[in-house]
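S.K.: Handing over work.txt, compact mmCIF, C-alpha atoms.
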# COMPACT_ATOMS: atom_id res chain seq x y z
CA MET A 700 1.78 -8.86 11.22
CA THR A 701 5.45 -8.04 10.88
CA LYS A 702 8.18 -7.78 8.27
CA LEU A 703 8.57 -10.99 6.30
CA ALA A 704 12.35 -10.81 6.71
CA VAL A 705 12.16 -11.34 10.48
CA ILE A 706 9.77 -14.30 10.43
CA GLU A 707 11.91 -17.36 11.07
CA GLY A 708 11.75 -20.62 12.97
CA ASP A 709 12.27 -19.44 16.55
CA LEU A 710 9.84 -16.53 16.26
CA ALA A 711 7.26 -18.74 14.55
CA ALA A 712 7.55 -21.34 17.32
CA ILE A 713 7.11 -18.75 20.07
CA ALA A 714 4.09 -17.26 18.28
CA ALA A 715 2.56 -20.69 17.74
CA ASP A 716 2.89 -21.49 21.44
CA ALA A 717 0.97 -18.28 22.19
CA GLY A 718 -1.75 -19.10 19.65
CA ILE A 719 -0.65 -16.32 17.31
CA ARG A 720 -0.53 -16.64 13.52
CA LEU A 721 2.30 -14.65 11.95
CA VAL A 722 1.51 -12.68 8.80
CA GLY A 723 4.35 -11.16 6.79
CA SER A 724 4.67 -7.83 5.00
CA PHE A 725 7.01 -7.15 2.08
CA THR A 726 8.04 -3.66 0.96
CA CYS A 727 7.96 -2.97 -2.77
CA TYR A 728 8.52 0.66 -3.81
CA SER A 729 9.78 2.55 -0.80
CA ASP A 730 13.30 3.10 0.46
CA HIS A 731 13.89 4.74 3.82
CA ASP A 732 17.70 4.81 3.57
CA PRO A 733 19.11 7.84 1.65
CA ALA A 734 22.43 6.01 1.32
CA SER A 735 20.93 3.00 -0.46
CA ARG A 736 22.55 1.93 -3.72
CA LEU A 737 19.71 1.43 -6.17
CA PRO A 738 19.58 0.95 -9.94
CA ASP A 739 19.45 4.10 -12.05
CA GLY A 740 15.88 5.08 -12.83
CA THR A 741 14.32 4.18 -9.50
CA ARG A 742 14.12 7.68 -8.03
CA PRO A 743 10.87 9.45 -9.02
CA VAL A 744 11.11 12.64 -11.08
CA GLY A 745 8.60 15.47 -11.08
CA PRO A 746 7.20 17.32 -14.12
CA ASP A 747 10.03 19.86 -13.79
CA GLY A 748 12.62 17.15 -14.33
CA VAL A 749 13.83 17.33 -10.72
CA PRO A 750 13.86 14.21 -8.51
CA LEU A 751 11.22 14.33 -5.78
CA SER A 752 12.57 15.14 -2.35
CA ALA A 753 11.90 12.91 0.63
CA MET A 754 8.82 13.68 2.75
CA GLU A 755 9.30 12.95 6.44
CA TRP A 756 10.50 9.32 6.43
CA TYR A 757 9.02 8.54 3.02
CA ARG A 758 11.16 8.03 -0.08
CA GLY A 759 9.11 6.48 -2.84
CA LEU A 760 10.56 4.52 -5.75
CA VAL A 761 9.56 4.19 -9.41
CA PRO A 762 7.62 1.02 -10.29
CA GLY A 763 8.39 -0.80 -13.50
CA ASP A 764 12.17 -0.45 -13.71
CA PRO A 765 13.21 -3.90 -15.02
CA ALA A 766 16.44 -4.17 -13.02
CA PHE A 767 14.81 -3.16 -9.76
CA ASP A 768 11.76 -5.35 -10.34
CA ASP A 769 14.06 -8.33 -10.89
CA GLN A 770 15.79 -7.54 -7.59
CA LEU A 771 12.39 -7.29 -5.90
CA ALA A 772 11.26 -10.67 -7.21
CA ASP A 773 14.56 -12.30 -6.24
CA GLU A 774 14.37 -10.86 -2.73
CA LEU A 775 10.81 -12.05 -2.19
CA SER A 776 11.77 -15.53 -3.40
CA ARG A 777 14.64 -15.61 -0.92
CA GLN A 778 12.59 -14.35 2.03
CA ILE A 779 9.56 -16.58 1.51
CA ARG A 780 11.78 -19.64 1.19
CA ASP A 781 12.87 -19.24 4.83
CA ALA A 782 9.68 -17.81 6.37
CA PRO A 783 7.06 -20.12 7.96
CA THR A 784 3.97 -18.06 7.06
CA ASP A 785 1.02 -18.69 4.78
CA LEU A 786 0.05 -15.05 4.11
CA VAL A 787 2.18 -12.08 2.99
CA PHE A 788 0.94 -8.52 2.42
CA LEU A 789 2.63 -6.48 -0.31
CA ASP A 790 3.35 -3.01 1.04
CA PHE A 791 4.08 0.16 -0.97
CA ALA A 792 2.92 -1.63 -4.15
CA ARG A 793 2.01 1.67 -5.78
CA TRP A 794 3.32 4.81 -7.43
CA PRO A 795 5.08 7.37 -5.22
CA GLY A 796 3.14 9.48 -2.79
CA HIS A 797 3.22 10.10 0.95
CA TRP A 798 -0.54 9.67 1.18
CA GLU A 799 -0.59 10.16 4.96
CA LEU A 800 0.11 13.84 4.28
CA GLU A 801 -0.53 14.44 0.57
CA SER A 802 -3.93 12.77 0.25
CA ARG A 803 -5.47 14.26 3.38
CA HIS A 804 -8.59 16.38 2.92
CA GLY A 805 -8.95 15.55 -0.78
CA GLY A 806 -5.34 16.33 -1.74
CA SER A 807 -3.22 14.50 -4.31
CA PRO A 808 0.43 13.41 -4.36
CA ARG A 809 3.07 15.22 -6.40
CA ARG A 810 2.93 14.18 -10.08
CA ALA A 811 5.46 11.48 -10.94
CA SER A 812 7.35 9.93 -12.43
CA PHE A 813 8.69 11.61 -15.55
CA ASP A 814 12.08 9.93 -15.50
CA PRO A 815 13.49 8.70 -18.83
CA GLY A 816 12.80 5.02 -18.08
CA THR A 817 9.14 5.56 -17.22
CA LEU A 818 8.56 7.81 -20.22
CA THR A 819 10.21 5.25 -22.52
CA ARG A 820 7.98 2.50 -21.13
CA PHE A 821 4.92 4.75 -21.51
CA ARG A 822 5.78 5.46 -25.14
CA THR A 823 6.08 1.70 -25.77
CA TYR A 824 2.73 1.16 -23.99
CA LEU A 825 1.08 3.70 -26.31
CA ALA A 826 2.60 2.19 -29.46
CA GLN A 827 1.46 -1.31 -28.52
CA ARG A 828 -2.11 0.00 -28.32
CA GLY A 829 -1.99 2.04 -31.51
CA LEU A 830 -2.07 5.34 -29.62
CA ASP A 831 -0.23 8.48 -30.65
CA GLY A 832 2.82 9.03 -28.45
CA ASP A 833 4.00 12.13 -30.30
CA GLY A 834 5.45 14.59 -27.83
CA ILE A 835 6.51 12.00 -25.25
CA ASP A 836 10.24 12.62 -25.09
CA PRO A 837 12.15 10.63 -22.45
CA SER A 838 14.82 13.32 -22.40
CA ASP A 839 12.35 16.15 -21.70
CA ALA A 840 10.29 15.67 -18.54
CA ALA A 841 8.55 19.05 -18.70
CA ALA A 842 7.38 18.73 -22.31
CA SER A 843 6.24 15.14 -21.77
CA ALA A 844 4.37 16.06 -18.60
CA GLN A 845 2.54 18.80 -20.48
CA VAL A 846 1.52 16.46 -23.31
CA ILE A 847 0.28 13.90 -20.78
CA ALA A 848 -1.76 16.52 -18.93
CA GLU A 849 -3.26 17.95 -22.12
CA ARG A 850 -4.20 14.84 -24.12
CA LEU A 851 -2.91 11.60 -22.61
CA ALA A 852 -4.21 11.69 -19.04
CA ASP A 853 -6.40 8.60 -19.41
CA PRO A 854 -3.75 6.41 -21.08
CA TRP A 855 -1.22 7.60 -18.49
CA THR A 856 -3.54 6.52 -15.68
CA ALA A 857 -4.13 3.14 -17.35
CA PHE A 858 -0.38 2.65 -17.93
CA ARG A 859 0.40 3.34 -14.29
CA ALA A 860 -2.29 0.91 -13.13
CA THR A 861 -1.06 -1.79 -15.51
CA THR A 862 2.49 -1.33 -14.21
CA ILE A 863 1.34 -2.02 -10.64
CA THR A 864 -0.89 -4.92 -11.64
CA ASP A 865 1.99 -6.53 -13.54
CA ILE A 866 4.44 -6.48 -10.63
CA VAL A 867 1.80 -7.57 -8.11
CA THR A 868 0.89 -10.48 -10.37
CA ARG A 869 4.57 -11.44 -10.65
CA LEU A 870 5.11 -11.33 -6.89
CA ALA A 871 1.83 -13.13 -6.18
CA THR A 872 2.93 -15.94 -8.48
CA ILE A 873 6.11 -16.35 -6.41
CA LEU A 874 4.06 -16.52 -3.22
CA ARG A 875 1.52 -18.92 -4.70
CA GLU A 876 4.27 -21.28 -5.82
CA ALA A 877 5.53 -21.25 -2.22
CA GLY A 878 2.06 -22.14 -0.93
CA THR A 879 1.50 -18.64 0.45
CA ALA A 880 -1.51 -16.37 -0.04
CA THR A 881 -1.10 -12.77 -1.21
CA GLY A 882 -2.40 -9.73 0.65
CA MET A 883 -2.02 -6.12 -0.44
CA PHE A 884 -2.20 -2.77 1.36
CA LEU A 885 -4.35 -0.11 -0.32
CA VAL A 886 -4.27 3.67 0.04
CA PRO A 887 -7.41 4.77 1.96
CA VAL A 888 -9.15 6.86 -0.70
CA ASP A 889 -11.99 5.96 -3.05
CA HIS A 890 -11.38 3.68 -6.03
CA GLU A 891 -11.08 6.34 -8.73
CA ARG A 892 -8.61 8.47 -6.75
CA ARG A 893 -6.61 5.42 -5.76
CA ARG A 894 -6.32 4.29 -9.37
CA ARG A 895 -5.49 7.78 -10.68
CA ASP A 896 -3.05 8.88 -7.96
CA TYR A 897 -1.38 5.60 -6.98
CA GLY A 898 -2.02 3.11 -9.78
CA GLN A 899 -3.89 0.67 -7.53
CA ASP A 900 -6.83 -0.72 -9.52
CA VAL A 901 -8.59 -3.42 -7.49
CA ASP A 902 -10.62 -4.46 -10.54
CA GLU A 903 -7.36 -5.58 -12.16
CA LEU A 904 -5.57 -6.65 -8.97
CA ALA A 905 -8.31 -9.02 -7.80
CA ALA A 906 -7.05 -11.78 -10.08
CA ALA A 907 -3.73 -11.89 -8.20
CA VAL A 908 -4.58 -10.77 -4.65
CA ASP A 909 -6.36 -12.96 -2.09
CA VAL A 910 -7.10 -10.29 0.53
CA PHE A 911 -6.84 -6.50 0.67
CA ALA A 912 -6.14 -4.23 3.64
CA VAL A 913 -7.31 -0.62 3.35
CA MET A 914 -5.02 1.59 5.45
CA THR A 915 -7.80 3.43 7.29
CA TYR A 916 -5.65 5.12 9.94
CA GLN A 917 -8.35 7.31 11.46
CA ALA A 918 -6.26 10.16 12.87
CA MET A 919 -4.03 10.42 9.80
CA THR A 920 -6.90 10.36 7.32
CA GLY A 921 -9.69 12.09 9.23
CA LEU A 922 -11.89 9.03 8.66
CA ASP A 923 -14.38 7.96 11.29
CA ALA A 924 -15.19 4.29 11.83
CA GLU A 925 -18.15 4.24 9.43
CA SER A 926 -16.12 5.89 6.66
CA SER A 927 -13.39 3.34 7.24
CA ILE A 928 -15.90 0.54 6.85
CA HIS A 929 -17.37 2.16 3.72
CA LEU A 930 -13.95 2.25 1.97
CA ALA A 931 -13.40 -1.40 2.80
CA GLU A 932 -16.88 -2.36 1.57
CA GLU A 933 -16.35 -0.46 -1.70
CA THR A 934 -13.21 -2.50 -2.30
CA SER A 935 -14.87 -5.77 -1.36
CA LEU A 936 -17.80 -5.17 -3.70
CA ARG A 937 -15.51 -4.34 -6.63
CA ALA A 938 -12.86 -7.02 -6.09
CA ARG A 939 -15.02 -9.78 -4.58
CA ARG A 940 -12.20 -10.42 -2.15
CA PRO A 941 -11.99 -10.29 1.67
CA VAL A 942 -11.02 -6.83 2.93
CA ILE A 943 -9.74 -5.83 6.34
CA ALA A 944 -9.64 -2.34 7.83
CA MET A 945 -7.14 -0.66 10.13
CA LEU A 946 -7.73 0.72 13.60
CA GLN A 947 -5.25 3.47 14.51
CA THR A 948 -4.69 3.08 18.22
CA THR A 949 -2.59 6.22 18.78
CA SER A 950 -0.98 9.24 17.14
CA ASP A 951 1.65 9.56 19.87
CA ARG A 952 4.78 11.15 18.36
CA ARG A 953 6.95 9.11 20.71
CA LEU A 954 5.95 6.06 18.67
CA SER A 955 6.08 7.80 15.27
CA ASP A 956 9.66 9.10 15.64
CA GLY A 957 8.17 12.58 15.67
CA HIS A 958 6.34 12.23 12.37
CA ASP A 959 2.79 13.48 11.79
CA TRP A 960 0.28 10.72 12.49
CA GLY A 961 -2.60 13.17 12.79
CA PRO A 962 -4.28 14.95 15.72
CA THR A 963 -4.02 13.60 19.23
CA ARG A 964 -6.05 10.41 19.55
CA SER A 965 -7.34 9.49 22.98
CA PRO A 966 -7.72 5.90 24.18
CA ASP A 967 -11.49 6.49 24.37
CA GLN A 968 -11.58 7.50 20.68
CA ALA A 969 -9.59 4.43 19.67
CA ALA A 970 -11.80 2.18 21.79
CA ALA A 971 -15.02 3.63 20.32
CA ASP A 972 -13.76 3.14 16.76
CA GLY A 973 -12.55 -0.31 17.72
CA ASP A 974 -16.01 -1.28 18.94
CA ALA A 975 -17.59 -0.04 15.69
CA LEU A 976 -15.06 -1.84 13.48
CA ASP A 977 -15.26 -5.01 15.57
CA THR A 978 -19.05 -4.96 15.23
CA ALA A 979 -18.62 -4.63 11.45
CA VAL A 980 -16.40 -7.72 11.45
CA ARG A 981 -19.06 -9.68 13.35
CA ALA A 982 -21.76 -8.46 10.97
CA GLY A 983 -19.76 -9.59 7.93
CA ARG A 984 -19.09 -6.07 6.66
CA LEU A 985 -15.33 -6.53 7.19
CA ALA A 986 -13.22 -9.66 6.91
CA GLY A 987 -10.97 -8.61 9.77
CA LEU A 988 -9.30 -5.82 11.67
CA CYS A 989 -5.66 -4.80 12.09
CA LEU A 990 -4.43 -2.55 14.91
CA PHE A 991 -1.72 0.03 14.16
CA PRO A 992 0.85 0.60 15.52
CA GLY A 993 1.59 -2.75 17.08
CA GLU A 994 3.84 -1.13 19.70
CA ALA A 995 0.99 0.87 21.26
CA PRO A 996 -1.14 -0.38 24.16
CA MET A 997 -4.26 -2.12 22.90
CA PRO A 998 -7.38 -0.06 23.71
CA SER A 999 -10.09 -1.61 25.88
CA PHE A 1000 -13.01 -2.71 23.74
CA ASP A 1001 -16.58 -3.31 24.85
CA PRO A 1002 -16.25 -5.53 27.95
CA ASN A 1003 -19.17 -7.62 26.71
CA LEU A 1004 -16.94 -8.82 23.87
CA SER A 1005 -14.01 -11.19 24.21
CA THR A 1006 -10.86 -9.48 25.50
CA ASN A 1007 -8.59 -11.89 23.63
CA PRO A 1008 -7.74 -10.25 20.28
CA VAL A 1009 -6.80 -13.56 18.70
CA THR A 1010 -10.24 -15.04 19.28
CA ARG A 1011 -12.14 -11.78 18.93
CA LEU A 1012 -10.96 -10.90 15.41
CA GLU A 1013 -12.68 -13.80 13.73
CA GLY A 1014 -13.04 -14.41 10.01
CA PRO A 1015 -10.67 -15.20 7.13
CA ILE A 1016 -7.88 -13.19 8.78
CA ARG A 1017 -7.02 -14.22 12.35
Since I need it in another form, could you write the structure as structure tokens?
M.R.:
Amino acid sequence: MTKLAVIEGDLAAIAADAGIRLVGSFTCYSDHDPASRLPDGTRPVGPDGVPLSAMEWYRGLVPGDPAFDDQLADELSRQIRDAPTDLVFLDFARWPGHWELESRHGGSPRRASFDPGTLTRFRTYLAQRGLDGDGIDPSDAAASAQVIAERLADPWTAFRATTITDIVTRLATILREAGTATGMFLVPVDHERRRRDYGQDVDELAAAVDVFAVMTYQAMTGLDAESSIHLAEETSLRARRPVIAMLQTTSDRRLSDGHDWGPTRSPDQAAADGDALDTAVRAGRLAGLCLFPGEAPMPSFDPNLSTNPVTRLEGPIR
């Protein structure tokens, strides 16, 4: 799995010769370059009316801005036209939040976004459903945030989920027309928290997404292997779609550019979790397994199992 933008003919040919299937990933609402020129209204705003600051490398963007969403769709159309792959995972298809830090140990991301564009779209959403939007003022983030917290929390959550479902459906249609299946990365928390904090509702998304990947990075999240499997199974049962889990192979800061990937993770820990997750794949509890980061040495799994990762990770995702 690698960025869709780098999958081209030569790379695909080399991978095919090695028996490797290339899977693409496409970034939606994240921008790692502070100098980027983006449409107005794409930077998330907190309940105090102040744009959210970056967190480590993470700079989230606001979903639902029409100009940016058009750019996103155009860019995906361009990239998939030139990429020989039959599966693309949508990444950062969610509301802002550096979940690797903010959602640890039951935490939640900073509240967002209360920018004028989002509040205008929320007011329209309420009116279309016959709901009272009194007090939602696109020019007053603080007052609007208070009204949402006091009496519109449920519609706000539903609006945010609908916003994500709409763009995922639009992008999935582009991929489907190109003969490509759609995957989607999910934040590794339970369904209700994921829907509330990040707008990812797998009940809604299942109609557009062919396979989900729950980002169960064990050191970052504090999840053990069984908890990782449980999150994936919860998603699979709700969405009736194949779900893969992640195996975090290392938290080495030399590979993370110094960012916090969780406590030190030994090769033995990674191998033990790998054995448990691999067993879950074989038992049908998971549809597949993805190792992160790809630059790290692959841990040694149970020697009684195949040592070839391409043949070992059997199932819908290979």
S.K.: Using all atoms listed in the file for the distances, tell me which of A:Thr872, A:Thr864, A:Ser926, A:Thr856 is nearest to Arg895 (chain A).
M.R.: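 Nearest to Arg895 (chain A): A:Thr856.
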S.K.: Can you tell me, as an NGL selection string, what residues are no more than 9 Å from Cys989 (chain A) when counting all atoms listed in the file, ignoring any on the same chain fewer than 5 positions away?
M.R.: :A and (700 or 912 or 943-947 or 1012)
S.K.: Could you list, as a PyMOL selection string, every residue within 12 Å of Pro815 (chain A), counting all atoms listed in the file and ignoring same-chain residues fewer than 2 positions away?
M.R.: chain A and resi 739-746+748-750+761+764+811-813+817-822+835-841+843-844
S.K.: Please save C-alpha atoms of the selected residues as a short mmCIF file (atom, residue, chain, number, x, y, z; two decimals), in the coordinates of the input.
M.R.:
data_model
loop_
_atom_site.label_atom_id
_atom_site.label_comp_id
_atom_site.auth_asym_id
_atom_site.auth_seq_id
_atom_site.Cartn_x
_atom_site.Cartn_y
_atom_site.Cartn_z
CA ASP A 739 19.45 4.10 -12.05
CA GLY A 740 15.88 5.08 -12.83
CA THR A 741 14.32 4.18 -9.50
CA ARG A 742 14.12 7.68 -8.03
CA PRO A 743 10.87 9.45 -9.02
CA VAL A 744 11.11 12.64 -11.08
CA GLY A 745 8.60 15.47 -11.08
CA PRO A 746 7.20 17.32 -14.12
CA GLY A 748 12.62 17.15 -14.33
CA VAL A 749 13.83 17.33 -10.72
CA PRO A 750 13.86 14.21 -8.51
CA VAL A 761 9.56 4.19 -9.41
CA ASP A 764 12.17 -0.45 -13.71
CA ALA A 811 5.46 11.48 -10.94
CA SER A 812 7.35 9.93 -12.43
CA PHE A 813 8.69 11.61 -15.55
CA THR A 817 9.14 5.56 -17.22
CA LEU A 818 8.56 7.81 -20.22
CA THR A 819 10.21 5.25 -22.52
CA ARG A 820 7.98 2.50 -21.13
CA PHE A 821 4.92 4.75 -21.51
CA ARG A 822 5.78 5.46 -25.14
CA ILE A 835 6.51 12.00 -25.25
CA ASP A 836 10.24 12.62 -25.09
CA PRO A 837 12.15 10.63 -22.45
CA SER A 838 14.82 13.32 -22.40
CA ASP A 839 12.35 16.15 -21.70
CA ALA A 840 10.29 15.67 -18.54
CA ALA A 841 8.55 19.05 -18.70
CA SER A 843 6.24 15.14 -21.77
CA ALA A 844 4.37 16.06 -18.60
#
S.K.: Which residue, A:Pro966, A:Leu985, A:Tyr824, A:Gly882, has the smallest gap to His929 (chain A) when you use all atoms listed in the file?
M.R.: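 Nearest to His929 (chain A): A:Leu985.
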S.K.: How many Å lie between CA of Leu771 (chain A) and CA of Met914 (chain A), rounded to one decimal?
M.R.: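 Computed distance, CA of Leu771 (chain A) to CA of Met914 (chain A), equals 22.6 Å.
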S.K.: What are the nearest atom pairs, with distances in Å to one decimal, for all residues of region 870-898 of chain A that come at most 7 Å from region 779-799 of chain A, using all atoms listed in the file, set out by chain and rising residue number as CSV?
M.R.:
residue,atom,partner,partner_atom,distance
A:Gly878,CA,A:Asp785,CA,6.8
A:Thr879,CA,A:Asp785,CA,4.4
A:Ala880,CA,A:Leu786,CA,4.6
A:Thr881,CA,A:Val787,CA,5.4
A:Gly882,CA,A:Phe788,CA,4.0
A:Met883,CA,A:Leu789,CA,4.7
A:Phe884,CA,A:Asp790,CA,5.6
A:Tyr897,CA,A:Trp794,CA,4.8
A:Gly898,CA,A:Arg793,CA,5.9
S.K.: Using the file's own x, y and z axes, what box holds all listed atoms of region 809-812 of chain A with 4 Å on each side, keeping edges along x, y and z, and what are its centre and edge lengths in Å to one decimal, as AutoDock Vina command-line options?
M.R.:
--center_x 5.1 --center_y 12.6 --center_z -9.4 --size_x 12.4 --size_y 13.3 --size_z 14.0
S.K.: Pro992 (chain A): which residues within 12 Å, counting all atoms listed in the file, same-chain residues fewer than 5 positions away excluded, as a CSV table (one decimal) with C-alpha atoms, keeping the file's coordinate frame?
M.R.:
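Below is the file that was written, selection.csv:
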chain,number,residue,atom,x,y,z
A,700,MET,CA,1.8,-8.9,11.2
A,701,THR,CA,5.4,-8.0,10.9
A,914,MET,CA,-5.0,1.6,5.4
A,916,TYR,CA,-5.6,5.1,9.9
A,945,MET,CA,-7.1,-0.7,10.1
A,946,LEU,CA,-7.7,0.7,13.6
A,947,GLN,CA,-5.2,3.5,14.5
A,948,THR,CA,-4.7,3.1,18.2
A,949,THR,CA,-2.6,6.2,18.8
A,950,SER,CA,-1.0,9.2,17.1
A,951,ASP,CA,1.6,9.6,19.9
A,952,ARG,CA,4.8,11.2,18.4
A,953,ARG,CA,7.0,9.1,20.7
A,954,LEU,CA,6.0,6.1,18.7
A,955,SER,CA,6.1,7.8,15.3
A,960,TRP,CA,0.3,10.7,12.5
A,969,ALA,CA,-9.6,4.4,19.7
A,997,MET,CA,-4.3,-2.1,22.9
A,998,PRO,CA,-7.4,-0.1,23.7
S.K.: Under the rule that only C-alpha atoms are counted, which of A:Glu849, A:Gln770, A:Ser776, A:Asp896 is the nearest residue to Arg875 (chain A)?
M.R.: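 Between A:Glu849, A:Gln770, A:Ser776, A:Asp896, the residue approaching Arg875 (chain A) most closely is A:Ser776.
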